[in-house]
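Asks: Below is one structure. I have some questions about it.
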2 protein chains.
Amino acid sequence: MEFHDLLIGLIIILLAAKLGGELMERLGQTAVLGELLAGVVIGPGVFALVRETEVLHALAELGVLILLFEVGLESDLTRLLKAGPQAVVVAMVGVVVPFAAGYGLMHALGHPGLVAVFVGATLTATSVGVTARVLTDLGQLQDPAASVVLGAAVVDDILGLLTLAVITGIAATGQVSLGGIAFLGAKSVVFLVVAVLIALRRAPGLVGLIARLQSRGALVVSALVFALAAAAAAEWIGLAAIIGAFAAGLILSRTEPHARIDDRIKPVADLLVPVFFVMVGMKVDLSKLNPFAEGAQLWLALALAVVAIGSKLVAGLAVYHPGTRRWPVGVGMVPRGEVGLIFAGAGLAAAVVAPDLYSALVLMVMITTFVAPAWLKTLYRPAVAMAIH
Amino acid sequence: MEFHDLLIGLIIILLAAKLGGELMERLGQTAVLGELLAGVVIGPGVFALVRETEVLHALAELGVLILLFEVGLESDLTRLLKAGPQAVVVAMVGVVVPFAAGYGLMHALGHPGLVAVFVGATLTATSVGVTARVLTDLGQLQDPAASVVLGAAVVDDILGLLTLAVITGIAATGQVSLGGIAFLGAKSVVFLVVAVLIALRRAPGLVGLIARLQSRGALVVSALVFALAAAAAAEWIGLAAIIGAFAAGLILSRTEPHARIDDRIKPVADLLVPVFFVMVGMKVDLSKLNPFAEGAQLWLALALAVVAIGSKLVAGLAVYHPGTRRWPVGVGMVPRGEVGLIFAGAGLAAAVVAPDLYSALVLMVMITTFVAPAWLKTLYRPAVAMAIH
């Protein structure tokens, strides 16, 4: 009976994703926006057609993991490394300014310091998943601005983990273990450096092994096992799994059969990636966002969204290289996506963020997540049109 | 943390499947045998590396569903229909003879009537999954004997469901609802007839719709949604989900882009199908099969296995068409696989089959499942060699 529910859930999610994606593409938008909206429609707030189960959640997590693996596979490591210093600067600005703005807003509204810290931290998040997906949909992964945004989003994910460790530490014990934070930071840097070194030196040897396998599907299974192993390793040292998957993609992008791996991994991504974005959309409960309800935080949510968008656009101004456009970088940093939800959820779990404020934060996260794809599409329209003609 | 466990579980399962499959192929066997053995090795009886979780179970179920979808997609409906009457005769013999033999053996050993009925019923099972996979591995889906075996296995799955309904009814209430059984039988026949009619008349129209979709991955997602929907429909009327997936594949095999669908679904199958077979292997707990332990049923298990194999080989004798080989049909009916485990499990759940006897039945199921791939491979070796040269 449970398997029957899974079948029905998957059918609804995939159908909704395709219908939403198709509709948005015909309206000149990106498919991911349609998938997010499809999630809202089938989610608890509107038709409540699908319930988030453990299996669907796992499929969604595998989906975003495979998305980042695919993005890594299609990325150019040399270009990404060249964009590195700039990406770090953008990521730093994209953490400091939103934190200060969020903290300042909540402080001005008279909230306690710890609440203001959690809200500020939630504003620092960047959803590398949403941005990477939009750039993939637009075929713009090779754009210099895309390298900066992707690099900055990855750095941001690491900074975000450090921030999360700090604020949950403060919420739980009232103090910060500086040694623990430094250790987490050091592990993250070592992980990325090791991944880059493997990519530069050892990747062909890895593939030589795989090429000797004869059984059917050896390439796709080996590639995915490699991605899963890198994701597990990243999780093990305290990083996000998607960073590991991205690193695995980068490593394999330097190998001879990378195009064939990409071709074989694409159908798997086509099936699982939409599950992730539909389920992000499903987290919006419109029925809880009634602006006339008692204790409604709609205006707070809108104020937070304005601050969230404005403060990330500032990160775009940190672009100093003349050949790189600033707007796509700033807008690419805007979506908070699943990372923002994790921050807000941590605040709720720590009983620092009240349920009302949590709803406002979720709405802010969603506004930033829904605004970015359409905005990026507009920014890239001339380039896309040029690429076609 | 839970997601981390899933990653580790998947890595171990996929690695074990590839290593086992690769090893068996190099030894001249089929990959599926290696995957089954890999499951035994990483399962609870030997190294206990992976625990069966809800998510892994769901992935395995999706895997066998996609396998049958793929087999349907690569099958020739016309040939299958032509083999139809012969397949029905083979399936009938393959149910009646094993049931009588199993019942007779248990009766002769002095077991009560209801126990003998359950054991007889377990012997009637045919694992369409294992046989279909072996024929796919050998590239022999187009062989006339393969059409008979596949058709008979599908009919057997339906007869098996009817048998299961009868015996669980007897075990629960002591009597049989003949009307309910007839209704289930009628629904099954209607389902298959409707599927065949859709395949013959409406398939191109279905695909015309899909061809108009523009977004990325539209083909693979639509095809899989169709397979999932057919599987859900089959489950809904009381049939096995894999029968629905097989019917969906048959329908799409008659459409113009069936080769493209097959190409895009293959990587998904490459990843998920081994998960199913490894997890079938994981159900063997070697530590429980100690022949010197108290109450060990090893000899009973071996006797059951001999009866199980011999009685299914008789089904091969029911082949009357001169161009079709009898041995591959008989051996193709031997593996009990997951279907046999379901029967034995139902007996255990109904408290008719004692734990000791259940272990013996599981061992019998495994012997038949492990013997068939190697045996079929031997029978097809001349044909495979001819196909290569």
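Each chain in the structure tokens gets a letter, A, B, ..., in the order shown, and its residues are numbered from 1; ligands are numbered from 1 in order too.
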For segment 239-345 of chain B against segment 47-63 of chain B, with a cut-off of 9 Å and counting only C-alpha atoms, what is the closest atom pair and its distance in Å to one decimal for every residue that makes the cut, ordered by chain and number, as CSV?

Replies:
```
residue,atom,partner,partner_atom,distance
B:Ile242,CA,B:Glu61,CA,9.0
B:Val268,CA,B:Gly63,CA,8.4
B:Ala269,CA,B:Gly63,CA,6.5
B:Asp270,CA,B:Gly63,CA,8.9
B:Leu271,CA,B:Gly63,CA,8.0
B:Leu272,CA,B:Gly63,CA,4.4
B:Val273,CA,B:Gly63,CA,4.3
B:Pro274,CA,B:Gly63,CA,7.4
B:Val275,CA,B:Ala60,CA,5.2
B:Phe276,CA,B:Ala60,CA,4.0
B:Phe277,CA,B:Ala60,CA,7.8
B:Val278,CA,B:Ala60,CA,8.7
B:Met279,CA,B:Ala60,CA,7.1
B:Val280,CA,B:Ala60,CA,8.9
B:Met282,CA,B:Glu52,CA,8.3
```

Asks: I want to know what sits within 12 Å of Ser222 of chain A, based on only C-alpha atoms, with residues of the same chain fewer than 3 positions away left out; could you give that as a ChimeraX atom specification?

Replies: /A:206-219,225-229,248,252,261,264-265 /B:10-19,267,270-271

Asks: How would the residues just chosen look if you wrote them out with N, CA and C atoms as a short mmCIF file (atom, residue, chain, number, x, y, z; two decimals), in the first residue's frame?

Replies:
```
data_model
loop_
_atom_site.label_atom_id
_atom_site.label_comp_id
_atom_site.auth_asym_id
_atom_site.auth_seq_id
_atom_site.Cartn_x
_atom_site.Cartn_y
_atom_site.Cartn_z
N LEU A 206 41.75 7.60 -12.47
CA LEU A 206 40.46 7.12 -12.00
C LEU A 206 39.65 6.51 -13.12
N VAL A 207 39.64 7.24 -14.24
CA VAL A 207 38.79 6.84 -15.35
C VAL A 207 39.36 5.65 -16.09
N GLY A 208 40.68 5.52 -16.08
CA GLY A 208 41.30 4.37 -16.71
C GLY A 208 40.78 3.08 -16.10
N LEU A 209 40.60 3.12 -14.78
CA LEU A 209 40.04 1.97 -14.06
C LEU A 209 38.64 1.63 -14.55
N ILE A 210 37.80 2.68 -14.60
CA ILE A 210 36.40 2.48 -14.98
C ILE A 210 36.31 1.94 -16.41
N ALA A 211 37.20 2.45 -17.27
CA ALA A 211 37.13 2.08 -18.69
C ALA A 211 37.37 0.59 -18.87
N ARG A 212 38.02 -0.05 -17.88
CA ARG A 212 38.30 -1.48 -18.01
C ARG A 212 37.10 -2.35 -17.66
N LEU A 213 36.08 -1.76 -17.04
CA LEU A 213 34.89 -2.54 -16.68
C LEU A 213 34.08 -2.86 -17.94
N GLN A 214 33.54 -4.07 -17.98
CA GLN A 214 32.85 -4.49 -19.19
C GLN A 214 31.33 -4.49 -19.05
N SER A 215 30.83 -4.66 -17.82
CA SER A 215 29.40 -4.89 -17.69
C SER A 215 28.60 -3.64 -18.04
N ARG A 216 27.35 -3.89 -18.38
CA ARG A 216 26.45 -2.82 -18.82
C ARG A 216 26.28 -1.76 -17.74
N GLY A 217 26.29 -0.50 -18.15
CA GLY A 217 26.03 0.58 -17.19
C GLY A 217 27.20 0.88 -16.29
N ALA A 218 28.40 0.33 -16.61
CA ALA A 218 29.54 0.53 -15.71
C ALA A 218 29.88 2.01 -15.57
N LEU A 219 29.78 2.76 -16.66
CA LEU A 219 30.17 4.18 -16.63
C LEU A 219 29.26 4.99 -15.73
N VAL A 225 28.53 6.50 -8.24
CA VAL A 225 29.12 6.05 -6.97
C VAL A 225 30.19 7.05 -6.53
N PHE A 226 30.97 7.53 -7.47
CA PHE A 226 31.99 8.54 -7.16
C PHE A 226 31.35 9.79 -6.58
N ALA A 227 30.25 10.24 -7.20
CA ALA A 227 29.56 11.44 -6.72
C ALA A 227 28.98 11.21 -5.33
N LEU A 228 28.37 10.03 -5.12
CA LEU A 228 27.79 9.72 -3.82
C LEU A 228 28.88 9.65 -2.75
N ALA A 229 30.04 9.06 -3.13
CA ALA A 229 31.12 8.93 -2.17
C ALA A 229 31.66 10.31 -1.79
N ALA A 248 32.93 16.35 -7.07
CA ALA A 248 33.07 15.12 -7.87
C ALA A 248 32.86 15.42 -9.35
N LEU A 252 35.57 14.92 -12.46
CA LEU A 252 35.31 14.11 -13.66
C LEU A 252 35.24 14.98 -14.91
N ILE A 261 29.71 10.67 -19.76
CA ILE A 261 29.12 10.59 -18.42
C ILE A 261 27.94 11.54 -18.33
N ARG A 264 24.90 10.24 -20.02
CA ARG A 264 24.25 9.12 -19.34
C ARG A 264 23.61 9.54 -18.01
N ILE A 265 24.16 10.61 -17.40
CA ILE A 265 23.62 11.04 -16.11
C ILE A 265 22.40 11.95 -16.33
N LEU B 10 23.70 3.18 -0.47
CA LEU B 10 23.67 3.15 -1.93
C LEU B 10 25.05 2.88 -2.51
N ILE B 11 26.07 3.52 -1.93
CA ILE B 11 27.44 3.31 -2.42
C ILE B 11 27.81 1.84 -2.30
N ILE B 12 27.55 1.25 -1.13
CA ILE B 12 27.92 -0.16 -0.92
C ILE B 12 27.15 -1.06 -1.88
N ILE B 13 25.83 -0.82 -2.01
CA ILE B 13 25.01 -1.67 -2.87
C ILE B 13 25.48 -1.59 -4.32
N LEU B 14 25.70 -0.35 -4.82
CA LEU B 14 26.09 -0.20 -6.22
C LEU B 14 27.49 -0.75 -6.47
N LEU B 15 28.41 -0.52 -5.54
CA LEU B 15 29.77 -1.06 -5.70
C LEU B 15 29.74 -2.58 -5.70
N ALA B 16 29.02 -3.15 -4.73
CA ALA B 16 28.94 -4.61 -4.63
C ALA B 16 28.31 -5.19 -5.89
N ALA B 17 27.25 -4.51 -6.38
CA ALA B 17 26.57 -5.00 -7.58
C ALA B 17 27.52 -5.00 -8.77
N LYS B 18 28.30 -3.91 -8.92
CA LYS B 18 29.19 -3.83 -10.08
C LYS B 18 30.32 -4.84 -9.96
N LEU B 19 30.89 -4.97 -8.74
CA LEU B 19 31.98 -5.92 -8.56
C LEU B 19 31.48 -7.34 -8.80
N PRO B 267 20.04 4.46 -18.57
CA PRO B 267 20.87 4.85 -17.42
C PRO B 267 20.12 4.75 -16.09
N ASP B 270 20.12 1.18 -15.31
CA ASP B 270 21.46 0.75 -14.90
C ASP B 270 21.71 1.03 -13.42
N LEU B 271 21.13 2.12 -12.92
CA LEU B 271 21.34 2.50 -11.52
C LEU B 271 20.41 1.75 -10.58
#
```

Asks: Figure out the distance between atom CA of Ala152 of chain B and atom CA of Ala233 of chain B, please, to one decimal in Å.

Replies: 21.3 Å

Asks: Excluding same-chain residues fewer than 2 positions from Ala240 of chain A, what lies within 8 Å of it counting only C-alpha atoms, as a list of chain:residue names?

Replies: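 Surrounding residues, per the criterion: A:Asp157, A:Ile158, A:Leu161, A:Ala231, A:Ala234, A:Glu235, A:Gly238, A:Ile242, A:Ile243, A:Gly244.
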
Asks: Restricting the calculation to only C-alpha atoms: of A:Ala241, A:Ala301, A:Leu317, A:Ala374, which residue gets closest to chain B?

Replies: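 Closest to chain B of all the choices is A:Ala241.
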
Asks: Identify, on the basis of only C-alpha atoms, every residue whose closest approach to segment 255-258 of chain A does not exceed 9 Å; exclude the query and any residue fewer than 6 positions from it along the same chain; express the result as a list in words.

Replies: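 Skipping anything fewer than 6 positions along the chain leaves Leu73, Glu74, Ala199, Ala203, Pro204, Gly205, Leu206, Val207 and Gly249 of chain A.
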
Asks: Store the residues picked out above, limited to all heavy atoms, as a PDB file, in the first residue's frame.

Replies:
```pdb
ATOM      1  N   LEU A  73      30.202  18.787 -13.572  1.00  0.00           N
ATOM      2  CA  LEU A  73      30.650  18.078 -14.783  1.00  0.00           C
ATOM      3  C   LEU A  73      30.706  19.021 -15.985  1.00  0.00           C
ATOM      4  O   LEU A  73      31.551  18.868 -16.877  1.00  0.00           O
ATOM      5  CB  LEU A  73      29.650  16.949 -15.051  1.00  0.00           C
ATOM      6  CG  LEU A  73      30.075  15.652 -15.710  1.00  0.00           C
ATOM      7  CD1 LEU A  73      31.332  15.093 -15.094  1.00  0.00           C
ATOM      8  CD2 LEU A  73      28.940  14.647 -15.596  1.00  0.00           C
ATOM      9  N   GLU A  74      29.793  19.988 -16.013  1.00  0.00           N
ATOM     10  CA  GLU A  74      29.736  20.911 -17.156  1.00  0.00           C
ATOM     11  C   GLU A  74      30.519  22.188 -16.899  1.00  0.00           C
ATOM     12  O   GLU A  74      30.529  23.082 -17.733  1.00  0.00           O
ATOM     13  CB  GLU A  74      28.261  21.237 -17.476  1.00  0.00           C
ATOM     14  CG  GLU A  74      27.504  20.021 -17.994  1.00  0.00           C
ATOM     15  CD  GLU A  74      26.024  20.295 -18.202  1.00  0.00           C
ATOM     16  OE1 GLU A  74      25.597  21.442 -18.030  1.00  0.00           O
ATOM     17  OE2 GLU A  74      25.299  19.331 -18.538  1.00  0.00           O
ATOM     18  N   ALA A 199      41.470  16.653  -9.030  1.00  0.00           N
ATOM     19  CA  ALA A 199      40.982  16.994 -10.369  1.00  0.00           C
ATOM     20  C   ALA A 199      42.146  17.281 -11.299  1.00  0.00           C
ATOM     21  O   ALA A 199      42.172  16.855 -12.456  1.00  0.00           O
ATOM     22  CB  ALA A 199      40.056  18.198 -10.289  1.00  0.00           C
ATOM     23  N   ALA A 203      42.662  12.611 -11.987  1.00  0.00           N
ATOM     24  CA  ALA A 203      41.393  12.256 -12.624  1.00  0.00           C
ATOM     25  C   ALA A 203      41.548  11.211 -13.737  1.00  0.00           C
ATOM     26  O   ALA A 203      40.788  10.251 -13.786  1.00  0.00           O
ATOM     27  CB  ALA A 203      40.696  13.511 -13.137  1.00  0.00           C
ATOM     28  N   PRO A 204      42.525  11.361 -14.652  1.00  0.00           N
ATOM     29  CA  PRO A 204      42.598  10.382 -15.742  1.00  0.00           C
ATOM     30  C   PRO A 204      42.821   8.958 -15.247  1.00  0.00           C
ATOM     31  O   PRO A 204      42.258   8.004 -15.795  1.00  0.00           O
ATOM     32  CB  PRO A 204      43.789  10.875 -16.571  1.00  0.00           C
ATOM     33  CG  PRO A 204      43.910  12.336 -16.236  1.00  0.00           C
ATOM     34  CD  PRO A 204      43.525  12.432 -14.790  1.00  0.00           C
ATOM     35  N   GLY A 205      43.608   8.793 -14.192  1.00  0.00           N
ATOM     36  CA  GLY A 205      43.860   7.464 -13.643  1.00  0.00           C
ATOM     37  C   GLY A 205      42.591   6.807 -13.155  1.00  0.00           C
ATOM     38  O   GLY A 205      42.347   5.620 -13.404  1.00  0.00           O
ATOM     39  N   LEU A 206      41.752   7.605 -12.466  1.00  0.00           N
ATOM     40  CA  LEU A 206      40.456   7.123 -11.997  1.00  0.00           C
ATOM     41  C   LEU A 206      39.648   6.513 -13.125  1.00  0.00           C
ATOM     42  O   LEU A 206      39.051   5.450 -12.998  1.00  0.00           O
ATOM     43  CB  LEU A 206      39.636   8.297 -11.460  1.00  0.00           C
ATOM     44  CG  LEU A 206      39.764   8.657  -9.991  1.00  0.00           C
ATOM     45  CD1 LEU A 206      39.013   9.949  -9.730  1.00  0.00           C
ATOM     46  CD2 LEU A 206      39.194   7.526  -9.165  1.00  0.00           C
ATOM     47  N   VAL A 207      39.642   7.236 -14.244  1.00  0.00           N
ATOM     48  CA  VAL A 207      38.786   6.843 -15.346  1.00  0.00           C
ATOM     49  C   VAL A 207      39.355   5.646 -16.089  1.00  0.00           C
ATOM     50  O   VAL A 207      38.617   4.821 -16.624  1.00  0.00           O
ATOM     51  CB  VAL A 207      38.548   8.046 -16.272  1.00  0.00           C
ATOM     52  CG1 VAL A 207      37.852   7.612 -17.528  1.00  0.00           C
ATOM     53  CG2 VAL A 207      37.715   9.086 -15.530  1.00  0.00           C
ATOM     54  N   GLY A 249      31.861  16.251  -9.639  1.00  0.00           N
ATOM     55  CA  GLY A 249      31.605  16.637 -11.030  1.00  0.00           C
ATOM     56  C   GLY A 249      32.792  17.373 -11.618  1.00  0.00           C
ATOM     57  O   GLY A 249      33.209  17.115 -12.756  1.00  0.00           O
TER      58      GLY A 249
END
```

Asks: Closest to chain A among B:Val221, B:Val353, B:Leu37, B:Val46, using only C-alpha atoms?

Replies: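 Ranked by minimum distance to chain A, first place goes to B:Val221.
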
Asks: Counting only C-alpha atoms, which residue out of A:Glu338, A:Asp285, A:Asp356, A:Glu2 sits closest to Gln297 of chain A?

Replies: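 Ranking A:Glu338, A:Asp285, A:Asp356, A:Glu2 by distance to Gln297 of chain A, first place goes to A:Asp356.
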
Asks: Have a look at B:Gly185, B:Ser253, B:Ala146, B:Asp262 and name the one nearest to chain A; count only C-alpha atoms.

Replies: B:Asp262

Asks: Excluding Val329 of chain B and its own-chain neighbours fewer than 5 positions away, which residues fall within 7 Å of it when counting only C-alpha atoms? Please give them as number ranges by chain.

Replies: B: 145, 148-149, 316

Asks: Using N, CA, C and O atoms, can you write the selected residues to a file as a short mmCIF file (atom, residue, chain, number, x, y, z; two decimals), in the first residue's frame?

Replies:
```cif
data_model
loop_
_atom_site.label_atom_id
_atom_site.label_comp_id
_atom_site.auth_asym_id
_atom_site.auth_seq_id
_atom_site.Cartn_x
_atom_site.Cartn_y
_atom_site.Cartn_z
N ALA B 145 11.62 -18.91 -27.65
CA ALA B 145 11.45 -19.45 -26.30
C ALA B 145 11.31 -18.32 -25.28
O ALA B 145 10.56 -18.44 -24.31
N VAL B 148 7.79 -17.14 -25.11
CA VAL B 148 6.94 -18.07 -24.35
C VAL B 148 7.18 -17.91 -22.86
O VAL B 148 6.23 -17.82 -22.07
N VAL B 149 8.46 -17.86 -22.46
CA VAL B 149 8.76 -17.75 -21.03
C VAL B 149 8.21 -16.45 -20.47
O VAL B 149 7.58 -16.44 -19.41
N GLY B 316 8.21 -26.95 -19.30
CA GLY B 316 8.85 -26.84 -20.60
C GLY B 316 8.35 -27.88 -21.58
O GLY B 316 8.32 -27.65 -22.79
#
```

Asks: From the list A:Leu239, A:Leu105, A:Ala315, A:Met366, which residue is nearest chain B when using only C-alpha atoms?

Replies: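 The closest residue to chain B is A:Leu239.
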
Asks: Under the rule that only C-alpha atoms are counted, which of B:Ala186, B:Ala351, B:Ala87, B:Val220 is the nearest residue to chain A?

Replies: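 Smallest separation from chain A among the options: B:Val220.
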
Asks: Taking the DSSP assignment computed from this structure's backbone, write out as a PyMOL selection string all residues of segment 125-244 of chain A that belong to helix (DSSP H, G or I).

Replies: chain A and resi 128-137+144-173+178-201+203-211+218-236+241-244

Asks: The selected residues should be written to file as a tab-separated table (two decimals), in the first residue's frame (atoms: C-alpha atoms).

Replies:
```tsv
chain	number	residue	atom	x	y	z
A	128	VAL	CA	23.57	27.21	-5.04
A	129	GLY	CA	20.93	24.72	-6.27
A	130	VAL	CA	18.50	27.32	-7.62
A	131	THR	CA	21.18	29.49	-9.21
A	132	ALA	CA	22.98	26.53	-10.76
A	133	ARG	CA	19.71	25.20	-12.16
A	134	VAL	CA	18.75	28.56	-13.69
A	135	LEU	CA	22.17	28.96	-15.30
A	136	THR	CA	21.89	25.38	-16.64
A	137	ASP	CA	18.38	26.05	-17.99
A	144	PRO	CA	32.25	34.62	-16.65
A	145	ALA	CA	29.55	35.91	-14.29
A	146	ALA	CA	28.29	32.31	-13.91
A	147	SER	CA	31.74	31.18	-12.74
A	148	VAL	CA	31.78	33.96	-10.14
A	149	VAL	CA	28.26	33.21	-8.92
A	150	LEU	CA	28.85	29.45	-8.75
A	151	GLY	CA	32.16	29.91	-6.96
A	152	ALA	CA	30.64	32.46	-4.59
A	153	ALA	CA	27.64	30.22	-3.91
A	154	VAL	CA	29.92	27.33	-3.00
A	155	VAL	CA	32.01	29.55	-0.70
A	156	ASP	CA	28.75	30.91	0.72
A	157	ASP	CA	27.55	27.41	1.47
A	158	ILE	CA	30.69	26.85	3.52
A	159	LEU	CA	30.42	30.23	5.26
A	160	GLY	CA	26.77	29.42	5.88
A	161	LEU	CA	27.69	26.16	7.62
A	162	LEU	CA	30.14	28.03	9.82
A	163	THR	CA	27.48	30.64	10.59
A	164	LEU	CA	24.97	27.94	11.41
A	165	ALA	CA	27.45	26.24	13.73
A	166	VAL	CA	28.09	29.57	15.47
A	167	ILE	CA	24.47	30.60	15.98
A	168	THR	CA	23.17	27.18	17.01
A	169	GLY	CA	26.09	27.04	19.45
A	170	ILE	CA	25.07	30.42	20.87
A	171	ALA	CA	21.42	29.40	21.05
A	172	ALA	CA	22.22	26.13	22.82
A	173	THR	CA	24.97	27.12	25.26
A	178	LEU	CA	36.01	29.19	18.43
A	179	GLY	CA	38.23	26.11	18.16
A	180	GLY	CA	35.36	24.00	16.79
A	181	ILE	CA	34.46	26.65	14.23
A	182	ALA	CA	38.05	27.05	13.12
A	183	PHE	CA	38.36	23.26	12.78
A	184	LEU	CA	35.19	23.11	10.63
A	185	GLY	CA	36.51	25.94	8.47
A	186	ALA	CA	39.90	24.27	8.09
A	187	LYS	CA	38.31	20.92	7.14
A	188	SER	CA	36.20	22.64	4.48
A	189	VAL	CA	39.18	24.36	2.91
A	190	VAL	CA	41.23	21.14	2.97
A	191	PHE	CA	38.35	19.26	1.34
A	192	LEU	CA	38.12	21.72	-1.55
A	193	VAL	CA	41.89	21.90	-2.00
A	194	VAL	CA	42.18	18.11	-2.06
A	195	ALA	CA	39.31	17.90	-4.57
A	196	VAL	CA	40.99	20.45	-6.84
A	197	LEU	CA	44.33	18.65	-6.58
A	198	ILE	CA	42.71	15.31	-7.45
A	199	ALA	CA	40.98	16.99	-10.37
A	200	LEU	CA	44.23	18.44	-11.66
A	201	ARG	CA	46.46	15.39	-11.13
A	203	ALA	CA	41.39	12.26	-12.62
A	204	PRO	CA	42.60	10.38	-15.74
A	205	GLY	CA	43.86	7.46	-13.64
A	206	LEU	CA	40.46	7.12	-12.00
A	207	VAL	CA	38.79	6.84	-15.35
A	208	GLY	CA	41.30	4.37	-16.71
A	209	LEU	CA	40.04	1.97	-14.06
A	210	ILE	CA	36.40	2.48	-14.98
A	211	ALA	CA	37.13	2.08	-18.69
A	218	ALA	CA	29.54	0.53	-15.71
A	219	LEU	CA	30.17	4.18	-16.63
A	220	VAL	CA	27.02	5.71	-15.17
A	221	VAL	CA	27.15	3.56	-12.04
A	222	SER	CA	30.84	4.29	-11.40
A	223	ALA	CA	30.33	8.02	-11.97
A	224	LEU	CA	27.36	8.13	-9.62
A	225	VAL	CA	29.12	6.05	-6.97
A	226	PHE	CA	31.99	8.54	-7.16
A	227	ALA	CA	29.56	11.44	-6.72
A	228	LEU	CA	27.79	9.72	-3.82
A	229	ALA	CA	31.12	8.93	-2.17
A	230	ALA	CA	32.31	12.55	-2.48
A	231	ALA	CA	28.94	13.73	-1.11
A	232	ALA	CA	29.21	11.32	1.82
A	233	ALA	CA	32.78	12.45	2.48
A	234	ALA	CA	31.69	16.10	2.47
A	235	GLU	CA	28.85	15.33	4.89
A	236	TRP	CA	31.19	13.34	7.07
A	241	ALA	CA	26.55	16.85	0.57
A	242	ILE	CA	25.96	18.95	-2.55
A	243	ILE	CA	29.42	20.54	-2.22
A	244	GLY	CA	30.91	17.06	-2.42
```

Asks: To one decimal in Å, tell me the separation between atom CA of Val119 of chain B and atom CA of Phe343 of chain B.

Replies: 8.6 Å

Asks: Which neighbours of Ala31 of chain A fall inside 6 Å, counting only C-alpha atoms, when residues of the same chain fewer than 6 positions from it are skipped, and could you give them as a PyMOL selection string?

Replies: chain A and resi 21+24-25

Asks: Could those selected residues go to a file with C-alpha atoms, as a PDB file, in the first residue's frame?

Replies:
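This is the output file selection-v4.pdb:
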```
ATOM      1  CA  GLY A  21       8.009  23.867 -16.421  1.00  0.00           C
ATOM      2  CA  MET A  24       6.789  28.798 -17.769  1.00  0.00           C
ATOM      3  CA  GLU A  25       9.085  28.054 -20.706  1.00  0.00           C
TER       4      GLU A  25
END
```

Asks: Find the residues near Gly72 of chain B: any atom within 6 Å, counting only C-alpha atoms, skip ones fewer than 3 places away on the same chain, and give them as JSON, numbers by chain.

Replies: {"B": [69, 75, 246, 249, 250]}

Asks: Mind giving me the straight-line distance from atom CA of His4 of chain B to atom CA of Ile42 of chain B in Å, one decimal?

Replies: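 Atom CA of Ile42 of chain B lies at a distance of 18.0 Å from atom CA of His4 of chain B.
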